[in-house]
$ cat start07.tsv   # TSV, C-alpha atoms
chain	number	residue	atom	x	y	z
A	1	MET	CA	31.23	-11.87	-6.37
A	2	ASP	CA	30.87	-8.18	-7.08
A	3	SER	CA	29.70	-7.46	-3.55
A	4	SER	CA	33.13	-7.39	-1.91
A	5	SER	CA	34.03	-4.12	-3.61
A	6	VAL	CA	31.13	-2.08	-2.24
A	7	PRO	CA	32.54	1.36	-1.44
A	8	ARG	CA	31.66	2.99	1.86
A	9	ASN	CA	31.29	6.74	2.14
A	10	VAL	CA	31.15	6.97	5.90
A	11	PRO	CA	34.49	6.79	7.71
A	12	GLY	CA	34.49	4.15	10.39
A	13	ALA	CA	31.44	2.34	9.05
A	14	ALA	CA	33.20	-0.54	7.38
A	15	VAL	CA	30.40	-2.85	6.32
A	16	VAL	CA	31.64	-4.47	3.13
A	17	HIS	CA	30.06	-7.89	3.28
A	18	VAL	CA	26.72	-9.05	4.57
A	19	GLY	CA	26.06	-12.76	4.11
A	20	PRO	CA	22.79	-14.41	3.06
A	21	GLY	CA	22.09	-15.46	6.65
A	22	ALA	CA	22.28	-11.91	7.97
A	23	LEU	CA	20.20	-10.63	5.02
A	24	PHE	CA	17.54	-13.27	5.68
A	25	GLU	CA	17.39	-12.41	9.38
A	26	GLY	CA	17.45	-8.63	8.88
A	27	PHE	CA	14.67	-8.59	6.30
A	28	MET	CA	12.62	-11.05	8.34
A	29	ARG	CA	12.54	-8.41	11.11
A	30	VAL	CA	11.49	-5.81	8.54
A	31	GLY	CA	8.64	-7.99	7.30
A	32	LEU	CA	7.37	-8.56	10.82
A	33	SER	CA	7.53	-4.95	11.98
A	34	GLY	CA	5.59	-3.12	9.31
A	35	PHE	CA	1.85	-2.53	9.28
A	36	GLY	CA	0.38	-0.80	6.24
A	37	GLY	CA	3.70	-0.48	4.45
A	38	VAL	CA	7.10	-1.69	5.56
A	39	LEU	CA	9.45	0.71	3.75
A	40	PRO	CA	10.08	2.95	6.80
A	41	PHE	CA	11.09	-0.13	8.78
A	42	ALA	CA	13.44	-1.25	6.00
A	43	ARG	CA	15.15	2.14	6.13
A	44	ARG	CA	15.54	1.92	9.90
A	45	MET	CA	17.03	-1.57	9.80
A	46	VAL	CA	19.36	-1.02	6.83
A	47	VAL	CA	20.55	2.53	7.55
A	48	GLU	CA	20.20	3.18	11.27
A	49	GLN	CA	20.45	-0.18	13.02
A	50	ARG	CA	22.78	-2.28	10.85
A	51	GLU	CA	24.50	0.55	8.91
A	52	TRP	CA	24.63	-1.58	5.78
A	53	LEU	CA	24.01	1.51	3.63
A	54	THR	CA	24.22	5.26	4.10
A	55	GLU	CA	21.07	7.37	3.90
A	56	GLU	CA	22.00	8.50	0.38
A	57	GLU	CA	22.69	4.94	-0.76
A	58	PHE	CA	19.34	3.82	0.60
A	59	ASN	CA	17.52	6.65	-1.19
A	60	GLU	CA	19.24	5.59	-4.38
A	61	VAL	CA	18.04	1.99	-3.86
A	62	LEU	CA	14.55	3.24	-3.08
A	63	SER	CA	14.24	5.40	-6.18
A	64	LEU	CA	15.36	2.49	-8.37
A	65	SER	CA	12.81	0.15	-6.73
A	66	GLN	CA	10.02	2.65	-7.25
A	67	PHE	CA	11.06	3.21	-10.85
A	68	LEU	CA	10.82	-0.49	-11.73
A	69	PRO	CA	7.63	-2.61	-11.70
A	70	GLY	CA	6.94	-4.93	-8.79
A	71	PRO	CA	6.31	-4.47	-5.06
A	72	ASN	CA	8.71	-1.71	-3.96
A	73	ILE	CA	9.90	-3.43	-0.79
A	74	VAL	CA	10.58	-6.67	-2.67
A	75	ASN	CA	12.69	-4.71	-5.15
A	76	VAL	CA	14.56	-3.09	-2.24
A	77	SER	CA	15.37	-6.53	-0.80
A	78	ILE	CA	16.50	-7.78	-4.22
A	79	ILE	CA	18.85	-4.81	-4.79
A	80	ILE	CA	20.37	-4.82	-1.30
A	81	GLY	CA	20.66	-8.63	-1.24
A	82	ARG	CA	22.37	-8.62	-4.65
A	83	ARG	CA	24.72	-5.84	-3.64
A	84	PHE	CA	26.15	-7.76	-0.68
A	85	SER	CA	25.80	-11.41	-1.69
A	86	GLY	CA	24.73	-11.74	-5.32
A	87	VAL	CA	21.94	-14.12	-6.30
A	88	MET	CA	21.96	-15.94	-2.95
A	89	GLY	CA	21.76	-12.64	-1.12
A	90	ALA	CA	18.82	-11.43	-3.21
A	91	LEU	CA	16.95	-14.69	-2.63
A	92	ALA	CA	17.76	-14.75	1.10
A	93	ALA	CA	16.62	-11.16	1.64
A	94	THR	CA	13.38	-11.64	-0.29
A	95	PHE	CA	12.47	-14.97	1.33
A	96	GLY	CA	13.29	-13.51	4.73
A	97	LEU	CA	11.00	-10.57	4.00
A	98	MET	CA	8.01	-12.61	2.78
A	99	LEU	CA	8.10	-15.84	4.80
A	100	MET	CA	6.61	-14.80	8.14
A	101	PRO	CA	4.07	-12.25	6.83
A	102	MET	CA	2.69	-14.90	4.45
A	103	ILE	CA	2.37	-17.47	7.23
A	104	ILE	CA	0.69	-14.93	9.52
A	105	VAL	CA	-1.76	-13.57	6.94
A	106	LEU	CA	-2.80	-17.09	5.87
A	107	LEU	CA	-3.34	-18.09	9.51
A	108	LEU	CA	-5.39	-14.93	10.01
A	109	ALA	CA	-7.48	-15.71	6.94
A	110	THR	CA	-8.07	-19.29	8.11
A	111	VAL	CA	-9.10	-18.14	11.58
A	112	TYR	CA	-11.28	-15.40	10.11
A	113	ALA	CA	-13.06	-17.87	7.80
A	114	ARG	CA	-13.95	-19.93	10.86
A	115	PHE	CA	-15.30	-17.04	12.95
A	116	ALA	CA	-16.86	-14.93	10.21
A	117	GLN	CA	-20.36	-16.06	11.25
A	118	ILE	CA	-19.99	-14.12	14.50
A	119	ASP	CA	-21.55	-10.69	13.98
A	120	THR	CA	-18.96	-8.77	15.99
A	121	VAL	CA	-16.06	-10.28	14.03
A	122	ARG	CA	-17.73	-9.54	10.71
A	123	HIS	CA	-18.61	-5.99	11.72
A	124	ALA	CA	-15.06	-5.31	12.92
A	125	ALA	CA	-13.70	-6.56	9.58
A	126	TYR	CA	-16.17	-4.28	7.81
A	127	GLY	CA	-14.88	-1.30	9.77
A	128	VAL	CA	-11.24	-2.19	9.06
A	129	SER	CA	-12.05	-2.57	5.33
A	130	ALA	CA	-13.71	0.85	5.20
A	131	GLY	CA	-10.73	2.41	6.97
A	132	ALA	CA	-8.23	0.60	4.74
A	133	ALA	CA	-9.93	1.97	1.62
A	134	GLY	CA	-9.41	5.47	3.05
A	135	LEU	CA	-5.72	4.73	3.64
A	136	VAL	CA	-5.17	3.72	0.02
A	137	LEU	CA	-7.00	6.83	-1.21
A	138	SER	CA	-4.78	9.01	0.97
A	139	THR	CA	-1.66	7.30	-0.42
A	140	GLY	CA	-2.83	8.22	-3.91
A	141	PHE	CA	-3.50	11.85	-2.94
A	142	LYS	CA	-0.11	12.15	-1.21
A	143	MET	CA	1.61	10.84	-4.34
A	144	ALA	CA	-0.36	13.34	-6.41
A	145	ARG	CA	1.34	16.23	-4.58
A	146	ALA	CA	4.56	15.43	-6.44
A	147	ILE	CA	2.99	16.12	-9.86
A	148	ARG	CA	0.69	19.03	-9.01
A	149	GLY	CA	2.95	21.61	-10.71
A	150	SER	CA	2.74	19.92	-14.11
A	151	PRO	CA	-0.51	20.25	-16.09
A	152	TRP	CA	0.23	17.43	-18.55
A	153	GLN	CA	1.10	15.05	-15.72
A	154	ILE	CA	-2.15	15.93	-13.94
A	155	GLY	CA	-3.97	15.22	-17.20
A	156	VAL	CA	-2.28	11.84	-17.59
A	157	ALA	CA	-3.14	10.93	-13.98
A	158	ILE	CA	-6.81	11.84	-14.52
A	159	ILE	CA	-7.01	9.79	-17.73
A	160	ALA	CA	-5.37	6.81	-15.98
A	161	PHE	CA	-7.92	7.12	-13.16
A	162	ALA	CA	-10.83	7.35	-15.62
A	163	ALA	CA	-9.60	4.30	-17.56
A	164	ILE	CA	-8.82	2.04	-14.59
A	165	GLY	CA	-10.94	3.32	-11.70
A	166	VAL	CA	-14.10	4.32	-13.58
A	167	ALA	CA	-14.20	2.50	-16.95
A	168	ARG	CA	-12.47	-0.58	-15.45
A	169	LEU	CA	-10.46	-1.25	-18.61
A	170	PRO	CA	-7.81	-4.03	-18.54
A	171	LEU	CA	-4.53	-2.71	-17.09
A	172	LEU	CA	-2.39	-4.24	-19.84
A	173	TRP	CA	-4.09	-2.22	-22.59
A	174	VAL	CA	-4.21	0.98	-20.57
A	175	ILE	CA	-0.47	0.86	-19.90
A	176	ALA	CA	0.32	-0.28	-23.45
A	177	VAL	CA	-1.39	2.88	-24.78
A	178	MET	CA	-0.68	5.41	-22.03
A	179	ALA	CA	2.98	4.67	-21.25
A	180	PRO	CA	4.28	5.48	-24.78
A	181	VAL	CA	2.09	8.59	-25.06
A	182	SER	CA	3.19	9.82	-21.63
A	183	LEU	CA	6.82	9.05	-22.47
A	184	ALA	CA	6.57	11.02	-25.70
A	185	ILE	CA	5.30	14.06	-23.79
A	186	ALA	CA	7.94	13.65	-21.09
A	187	TRP	CA	10.65	13.42	-23.75
A	188	ARG	CA	9.48	16.51	-25.64
A	189	THR	CA	9.25	18.55	-22.43
A	190	ARG	CA	12.61	17.35	-21.01
A	191	ARG	CA	14.82	19.99	-19.55
B	21	MET	CA	-0.98	-32.15	-14.80
B	22	ILE	CA	-1.21	-28.65	-13.35
B	23	PRO	CA	-4.72	-27.76	-12.09
B	24	PRO	CA	-6.23	-25.08	-14.35
B	25	VAL	CA	-6.79	-22.66	-11.48
B	26	LEU	CA	-3.08	-22.72	-10.58
B	27	ALA	CA	-2.15	-22.09	-14.20
B	28	GLU	CA	-4.57	-19.15	-14.33
B	29	LEU	CA	-3.18	-17.73	-11.09
B	30	ALA	CA	0.38	-18.07	-12.35
B	31	LEU	CA	-0.33	-16.60	-15.77
B	32	ASN	CA	-2.32	-13.63	-14.48
B	33	PHE	CA	0.17	-12.66	-11.78
B	34	LEU	CA	3.22	-13.19	-14.00
B	35	VAL	CA	1.80	-10.51	-16.30
B	36	LEU	CA	0.66	-8.29	-13.44
B	37	SER	CA	4.16	-8.38	-11.95
B	38	LEU	CA	5.57	-6.44	-14.88
B	39	LEU	CA	2.56	-4.08	-15.01
B	40	SER	CA	2.75	-3.10	-11.34
B	41	ILE	CA	4.49	0.23	-11.79
B	42	GLY	CA	4.18	1.94	-8.44
B	43	GLY	CA	3.99	-1.33	-6.53
B	44	ALA	CA	1.19	-3.53	-5.25
B	45	ASN	CA	-1.17	-0.67	-4.39
B	46	ALA	CA	-1.32	0.32	-8.05
B	47	VAL	CA	-2.73	-2.99	-9.27
B	48	ILE	CA	-5.55	-3.55	-6.78
B	49	PRO	CA	-8.25	-2.62	-9.35
B	50	GLU	CA	-6.78	-5.14	-11.79
B	51	ILE	CA	-6.54	-7.86	-9.11
B	52	GLN	CA	-10.17	-7.19	-8.13
B	53	ARG	CA	-11.25	-7.25	-11.79
B	54	LEU	CA	-9.48	-10.58	-12.35
B	55	ALA	CA	-10.55	-12.26	-9.12
B	56	VAL	CA	-14.18	-11.11	-9.08
B	57	GLU	CA	-15.26	-10.26	-12.60
B	58	VAL	CA	-13.10	-12.36	-14.95
B	59	GLU	CA	-12.19	-15.54	-13.03
B	60	HIS	CA	-15.05	-15.55	-10.46
B	61	TRP	CA	-12.78	-16.79	-7.67
B	62	MET	CA	-14.75	-14.74	-5.12
B	63	THR	CA	-17.42	-12.10	-4.60
B	64	ASN	CA	-16.76	-8.39	-4.22
B	65	ALA	CA	-17.43	-8.69	-0.47
B	66	ASP	CA	-14.91	-11.55	-0.18
B	67	PHE	CA	-12.31	-9.40	-1.92
B	68	ALA	CA	-12.95	-6.47	0.40
B	69	GLN	CA	-12.52	-8.70	3.45
B	70	LEU	CA	-9.30	-10.25	2.13
B	71	PHE	CA	-7.98	-6.76	1.55
B	72	ALA	CA	-8.82	-5.80	5.14
B	73	LEU	CA	-7.01	-8.91	6.40
B	74	SER	CA	-3.94	-8.04	4.32
B	75	GLN	CA	-3.91	-4.58	5.91
B	76	ALA	CA	-4.44	-5.90	9.43
B	77	ALA	CA	-1.48	-8.33	9.19
B	78	PRO	CA	2.15	-7.22	9.44
B	79	GLY	CA	4.08	-7.18	6.19
B	80	PRO	CA	4.08	-5.61	2.73
B	81	ASN	CA	0.94	-4.51	0.86
B	82	VAL	CA	1.52	-7.23	-1.72
B	83	LEU	CA	0.15	-9.80	0.78
B	84	ILE	CA	-3.30	-9.32	-0.81
B	85	VAL	CA	-1.92	-11.39	-3.71
B	86	SER	CA	-1.27	-14.41	-1.50
B	87	LEU	CA	-4.78	-14.14	-0.03
B	88	VAL	CA	-6.34	-14.05	-3.50
B	89	GLY	CA	-4.30	-17.14	-4.39
B	90	TRP	CA	-5.37	-18.81	-1.15
B	91	LYS	CA	-9.04	-18.11	-1.79
B	92	ALA	CA	-8.75	-19.50	-5.34
B	93	ALA	CA	-6.61	-22.57	-4.67
B	94	GLY	CA	-5.57	-22.92	-1.01
B	95	ILE	CA	-2.02	-22.75	0.34
B	96	VAL	CA	-0.47	-23.84	-2.95
B	97	GLY	CA	-2.44	-21.11	-4.69
B	98	ALA	CA	-1.09	-18.55	-2.22
B	99	VAL	CA	2.51	-19.56	-2.90
B	100	VAL	CA	2.03	-19.76	-6.68
B	101	ALA	CA	0.34	-16.33	-6.85
B	102	MET	CA	3.00	-14.66	-4.71
B	103	ALA	CA	5.89	-16.27	-6.59
B	104	ALA	CA	4.35	-15.21	-9.91
B	105	MET	CA	3.75	-11.67	-8.65
B	106	CYS	CA	7.33	-11.23	-7.42
B	107	GLY	CA	9.26	-13.35	-9.96
B	108	PRO	CA	9.41	-11.33	-13.20
B	109	SER	CA	9.75	-7.93	-11.51
B	110	SER	CA	12.48	-9.25	-9.20
B	111	PHE	CA	14.41	-10.73	-12.13
B	112	LEU	CA	14.13	-7.40	-13.97
B	113	THR	CA	15.21	-5.46	-10.88
B	114	TYR	CA	18.20	-7.73	-10.38
B	115	GLN	CA	19.36	-7.21	-13.95
B	116	VAL	CA	18.79	-3.43	-13.95
B	117	ALA	CA	20.59	-3.03	-10.60
B	118	ARG	CA	23.76	-4.35	-12.28
B	119	VAL	CA	23.83	-1.57	-14.88
B	120	TRP	CA	22.03	1.17	-12.93
B	121	GLU	CA	25.11	3.32	-12.24
B	122	ARG	CA	25.72	3.71	-15.94
B	123	PHE	CA	22.36	5.10	-16.96
B	124	ARG	CA	21.11	6.73	-13.79
B	125	GLU	CA	21.60	10.24	-15.24
B	126	ALA	CA	20.55	9.32	-18.79
B	127	PRO	CA	17.89	11.67	-20.23
B	128	LEU	CA	15.74	8.71	-21.31
B	129	ARG	CA	15.66	7.30	-17.78
B	130	VAL	CA	14.63	10.66	-16.36
B	131	ALA	CA	11.92	10.93	-19.03
B	132	ILE	CA	10.62	7.41	-18.25
B	133	GLN	CA	10.35	8.32	-14.58
B	134	ARG	CA	8.42	11.52	-15.39
B	135	ALA	CA	6.18	9.55	-17.77
B	136	LEU	CA	5.31	6.79	-15.29
B	137	ALA	CA	4.81	8.98	-12.20
B	138	PRO	CA	1.38	10.36	-13.20
B	139	ILE	CA	0.16	6.94	-14.39
B	140	THR	CA	1.08	5.54	-10.97
B	141	VAL	CA	-0.86	8.34	-9.27
B	142	GLY	CA	-3.93	7.54	-11.39
B	143	LEU	CA	-3.61	3.83	-10.59
B	144	VAL	CA	-3.27	4.26	-6.83
B	145	VAL	CA	-6.20	6.68	-6.63
B	146	SER	CA	-8.13	4.11	-8.69
B	147	SER	CA	-7.24	1.47	-6.10
B	148	GLY	CA	-8.68	3.57	-3.28
B	149	PHE	CA	-11.78	4.34	-5.36
B	150	VAL	CA	-12.42	0.72	-6.34
B	151	LEU	CA	-11.88	-0.47	-2.77
B	152	THR	CA	-14.27	2.15	-1.44
B	153	LEU	CA	-16.98	1.02	-3.85
B	154	ALA	CA	-16.28	-2.66	-3.10
B	155	VAL	CA	-16.36	-2.22	0.67
B	156	ASP	CA	-18.79	0.51	1.61
B	157	GLN	CA	-22.39	-0.70	1.63
B	158	ASP	CA	-24.06	2.28	3.31
B	159	TRP	CA	-23.41	5.91	4.17
B	160	ARG	CA	-21.90	5.18	7.58
B	161	ALA	CA	-19.12	3.12	5.99
B	162	TYR	CA	-18.44	6.02	3.60
B	163	VAL	CA	-18.10	8.26	6.65
B	164	VAL	CA	-15.49	5.90	8.15
B	165	THR	CA	-13.57	5.87	4.85
B	166	ALA	CA	-13.72	9.67	4.62
B	167	ILE	CA	-12.60	10.20	8.24
B	168	THR	CA	-9.67	7.82	7.75
B	169	LEU	CA	-8.70	9.61	4.55
B	170	VAL	CA	-8.81	13.07	6.13
B	171	LEU	CA	-6.96	12.02	9.30
B	172	THR	CA	-4.20	10.38	7.25
B	173	LEU	CA	-3.76	13.51	5.18
B	174	LEU	CA	-3.88	15.97	8.09
B	175	THR	CA	-2.14	14.12	10.94
B	176	ARG	CA	0.96	11.99	11.39
B	177	TRP	CA	-0.90	9.29	13.32
B	178	HIS	CA	0.20	5.76	12.59
B	179	PRO	CA	-2.16	4.11	10.03
B	180	LEU	CA	-2.48	1.03	12.24
B	181	TRP	CA	-4.29	3.04	14.95
B	182	LEU	CA	-6.74	4.38	12.39
B	183	LEU	CA	-7.49	0.81	11.29
B	184	VAL	CA	-7.91	-0.25	14.93
B	185	ALA	CA	-10.32	2.65	15.51
B	186	ALA	CA	-12.28	1.79	12.35
B	187	GLY	CA	-12.43	-1.87	13.44
B	188	CYS	CA	-13.70	-0.85	16.90
B	189	ALA	CA	-16.36	1.36	15.31
B	190	GLY	CA	-17.44	-1.66	13.29
B	191	ALA	CA	-17.40	-4.07	16.22
B	192	ALA	CA	-19.42	-1.62	18.30
B	193	GLY	CA	-22.13	-1.80	15.67
B	194	LEU	CA	-21.77	1.81	14.52
B	195	ILE	CA	-21.61	0.63	10.90
B	196	GLN	CA	-23.22	-2.53	9.53

$ encode --input "start07.tsv" --output "structure tokens"
Amino acid sequence: MDSSSVPRNVPGAAVVHVGPGALFEGFMRVGLSGFGGVLPFARRMVVEQREWLTEEEFNEVLSLSQFLPGPNIVNVSIIIGRRFSGVMGALAATFGLMLMPMIIVLLLATVYARFAQIDTVRHAAYGVSAGAAGLVLSTGFKMARAIRGSPWQIGVAIIAFAAIGVARLPLLWVIAVMAPVSLAIAWRTRR
Amino acid sequence: MIPPVLAELALNFLVLSLLSIGGANAVIPEIQRLAVEVEHWMTNADFAQLFALSQAAPGPNVLIVSLVGWKAAGIVGAVVAMAAMCGPSSFLTYQVARVWERFREAPLRVAIQRALAPITVGLVVSSGFVLTLAVDQDWRAYVVTAITLVLTLLTRWHPLWLLVAAGCAGAAGLIQ
């Protein structure tokens, strides 16, 4: 297993092996603690509480998970699980992460379906939905700050928004056309 | 024999898994398009309520996928949709993590990251836009969305409290 040779940069912090059981339990806590995004809780558990990774190592993991497709936090659990315990570790971390949130959200949905006739319940859900839409918008605008200095990137973002948000084109075709074009520009303007 | 709806769930989310650059928030418009307009698993209002539930529960944003699966085909649908959404991307991540050290500084990798970043921004803003249109039925709901947006951008308040406040505004009958 390639996990036993994980180098540690911090003197005294000698975590070299984390088994599937500990990964399952640690990521289960992460899954249960986060509302509206669990990444900050993953950082706290992995870096501050358990000291499985240093801050720099965690940032490295995070940037790789954001670079690849898929839910970011799931990718984080795959990479950290693999690093310490290979395939079993990746599976344990990911199942630990998803198990309880899935049970809870399905229970919530079942309960909601039963009480949705009650006006107060329905109105509260309406309010939460309206607020949640605002949260997603703000996430998009915060991410946009990172590209504001680059005119071509702003242009690409606007075209992607027009294609998906306004014209409602299928995502597969939009990415199949836009990703190569955007990559060509990024390559030509590389520093 | 696999029920057709499970096969459709699996197929759609297997593809979506590899298209979700920027995570689950980036593919909400596509999930809504599939669930409401293409497959007719639910109405726009149903989708908006499932999204609210996924935000009100603890856990990752990707939970909306299990709720869409649940609405289409019950508990089995929830598990199938989630497994399909996480499977291909997780396999890819596992494989790339093995060789990451070698090409972390490669010019092509840096270029790919710069190429995908603006597309992700466009997709996530699209998600917020599509959700706003799906949810908000009158001007008071738009006001709630706008207030939440502005407070999230200008303050460091925890998002959960904003959702609680929006839910209370709804329950109090301020929007309906």

$ residues_around --input "start07.tsv" --residues "Ile159 of chain A" --least-positions-apart "3" --cutoff "10 Å" --atoms "all atoms listed in the file" --output "list in words"
Gln153, Ile154, Gly155, Val156, Ala162, Ala163, Ile164, Gly165, Val166, Val174 and Met178 of chain A; Pro138, Ile139, Gly142 and Leu143 of chain B

$ write_last_selection --input "start07.tsv" --atoms "C-alpha atoms" --output "tab-separated table (two decimals), keeping the file's coordinate frame"
chain	number	residue	atom	x	y	z
A	153	GLN	CA	1.10	15.05	-15.72
A	154	ILE	CA	-2.15	15.93	-13.94
A	155	GLY	CA	-3.97	15.22	-17.20
A	156	VAL	CA	-2.28	11.84	-17.59
A	162	ALA	CA	-10.83	7.35	-15.62
A	163	ALA	CA	-9.60	4.30	-17.56
A	164	ILE	CA	-8.82	2.04	-14.59
A	165	GLY	CA	-10.94	3.32	-11.70
A	166	VAL	CA	-14.10	4.32	-13.58
A	174	VAL	CA	-4.21	0.98	-20.57
A	178	MET	CA	-0.68	5.41	-22.03
B	138	PRO	CA	1.38	10.36	-13.20
B	139	ILE	CA	0.16	6.94	-14.39
B	142	GLY	CA	-3.93	7.54	-11.39
B	143	LEU	CA	-3.61	3.83	-10.59

$ residues_around --input "start07.tsv" --residues "Val150 of chain B" --least-positions-apart "5" --cutoff "9 Å" --atoms "all atoms listed in the file" --output "ChimeraX atom specification"
/A:133,165-166 /B:48-49,52,145,155

$ write_last_selection --input "start07.tsv" --atoms "C-alpha atoms" --output "tab-separated table (two decimals), keeping the file's coordinate frame"
chain	number	residue	atom	x	y	z
A	133	ALA	CA	-9.93	1.97	1.62
A	165	GLY	CA	-10.94	3.32	-11.70
A	166	VAL	CA	-14.10	4.32	-13.58
B	48	ILE	CA	-5.55	-3.55	-6.78
B	49	PRO	CA	-8.25	-2.62	-9.35
B	52	GLN	CA	-10.17	-7.19	-8.13
B	145	VAL	CA	-6.20	6.68	-6.63
B	155	VAL	CA	-16.36	-2.22	0.67

$ closest_atom_pairs --input "start07.tsv" --of "segment 24-64 of chain B" --to "segment 55-69 of chain A" --cutoff "9 Å" --atoms "all atoms listed in the file" --output "CSV"
residue,atom,partner,partner_atom,distance
B:Ser37,CA,A:Pro69,CA,6.7
B:Leu38,CA,A:Pro69,CA,5.4
B:Leu39,CA,A:Pro69,CA,6.2
B:Ser40,CA,A:Pro69,CA,4.9
B:Ile41,CA,A:Pro69,CA,4.2
B:Gly42,CA,A:Gln66,CA,6.0
B:Gly43,CA,A:Pro69,CA,6.5

$ atom_distance --input "start07.tsv" --atom1 "atom CA of Val164 of chain B" --atom2 "atom CA of Gln75 of chain B"
15.8 Å

$ closest_residue --input "start07.tsv" --among "B:Gly148, B:Pro24, B:Gly89, B:Gly97" --to "chain A" --atoms "all atoms listed in the file"
B:Gly148

$ closest_residue --input "start07.tsv" --among "B:Leu36, B:Ala46, B:Ile51, B:Ala117" --to "Gly81 of chain A" --atoms "only C-alpha atoms"
B:Ala117

$ closest_residue --input "start07.tsv" --among "A:Ser85, A:Thr94, A:Asn75, A:Gln117" --to "chain B" --atoms "all atoms listed in the file"
A:Asn75

$ closest_residue --input "start07.tsv" --among "A:Val177, A:Gly31, A:Ala92, A:Val46" --to "chain B" --atoms "only C-alpha atoms"
A:Gly31

$ residues_around --input "start07.tsv" --residues "Val74 of chain A" --least-positions-apart "2" --cutoff "8 Å" --atoms "only C-alpha atoms" --output "list in words"
Gly70, Pro71, Asn72, Val76, Ser77, Ile78, Thr94 and Leu97 of chain A; Cys106 and Ser110 of chain B

$ closest_residue --input "start07.tsv" --among "B:Thr175, B:Ala189, B:Arg118, B:Val88" --to "Ala161 of chain B" --atoms "all atoms listed in the file"
B:Ala189

$ closest_residue --input "start07.tsv" --among "A:Met100, A:Ala130, A:Leu53, A:Val181" --to "chain B" --atoms "only C-alpha atoms"
A:Ala130

$ atom_distance --input "start07.tsv" --atom1 "atom CA of Ser86 of chain B" --atom2 "atom CA of Gln69 of chain B"
13.6 Å

$ atom_distance --input "start07.tsv" --atom1 "atom CA of Ile104 of chain A" --atom2 "atom CA of Ser138 of chain A"
26.0 Å

$ build_atoms --input "start07.tsv" --residues "segment 134-145 of chain A" --atoms "N, CA, C and O atoms" --output "compact mmCIF listing (two decimals), keeping the file's coordinate frame"
# COMPACT_ATOMS: atom_id res chain seq x y z
N GLY A 134 -9.81 4.08 2.85
CA GLY A 134 -9.41 5.47 3.05
C GLY A 134 -7.89 5.64 3.04
O GLY A 134 -7.37 6.62 2.51
N LEU A 135 -7.19 4.66 3.62
CA LEU A 135 -5.72 4.73 3.64
C LEU A 135 -5.14 4.69 2.23
O LEU A 135 -4.22 5.44 1.90
N VAL A 136 -5.69 3.82 1.38
CA VAL A 136 -5.17 3.72 0.02
C VAL A 136 -5.46 5.01 -0.75
O VAL A 136 -4.60 5.52 -1.48
N LEU A 137 -6.67 5.55 -0.57
CA LEU A 137 -7.00 6.83 -1.21
C LEU A 137 -6.00 7.91 -0.80
O LEU A 137 -5.50 8.66 -1.64
N SER A 138 -5.68 7.96 0.50
CA SER A 138 -4.78 9.01 0.97
C SER A 138 -3.38 8.81 0.39
O SER A 138 -2.70 9.79 0.07
N THR A 139 -2.95 7.55 0.22
CA THR A 139 -1.66 7.30 -0.42
C THR A 139 -1.64 7.89 -1.82
O THR A 139 -0.67 8.55 -2.23
N GLY A 140 -2.73 7.67 -2.56
CA GLY A 140 -2.83 8.22 -3.91
C GLY A 140 -2.76 9.75 -3.91
O GLY A 140 -2.05 10.35 -4.71
N PHE A 141 -3.49 10.37 -2.98
CA PHE A 141 -3.50 11.85 -2.94
C PHE A 141 -2.13 12.40 -2.53
O PHE A 141 -1.69 13.42 -3.04
N LYS A 142 -1.45 11.69 -1.60
CA LYS A 142 -0.11 12.15 -1.21
C LYS A 142 0.86 12.05 -2.39
O LYS A 142 1.69 12.94 -2.60
N MET A 143 0.73 10.98 -3.17
CA MET A 143 1.61 10.84 -4.34
C MET A 143 1.30 11.91 -5.37
O MET A 143 2.19 12.36 -6.11
N ALA A 144 0.04 12.34 -5.42
CA ALA A 144 -0.36 13.34 -6.41
C ALA A 144 0.29 14.69 -6.15
O ALA A 144 0.47 15.49 -7.06
N ARG A 145 0.69 14.95 -4.88
CA ARG A 145 1.34 16.23 -4.58
C ARG A 145 2.60 16.43 -5.41
O ARG A 145 2.95 17.55 -5.76
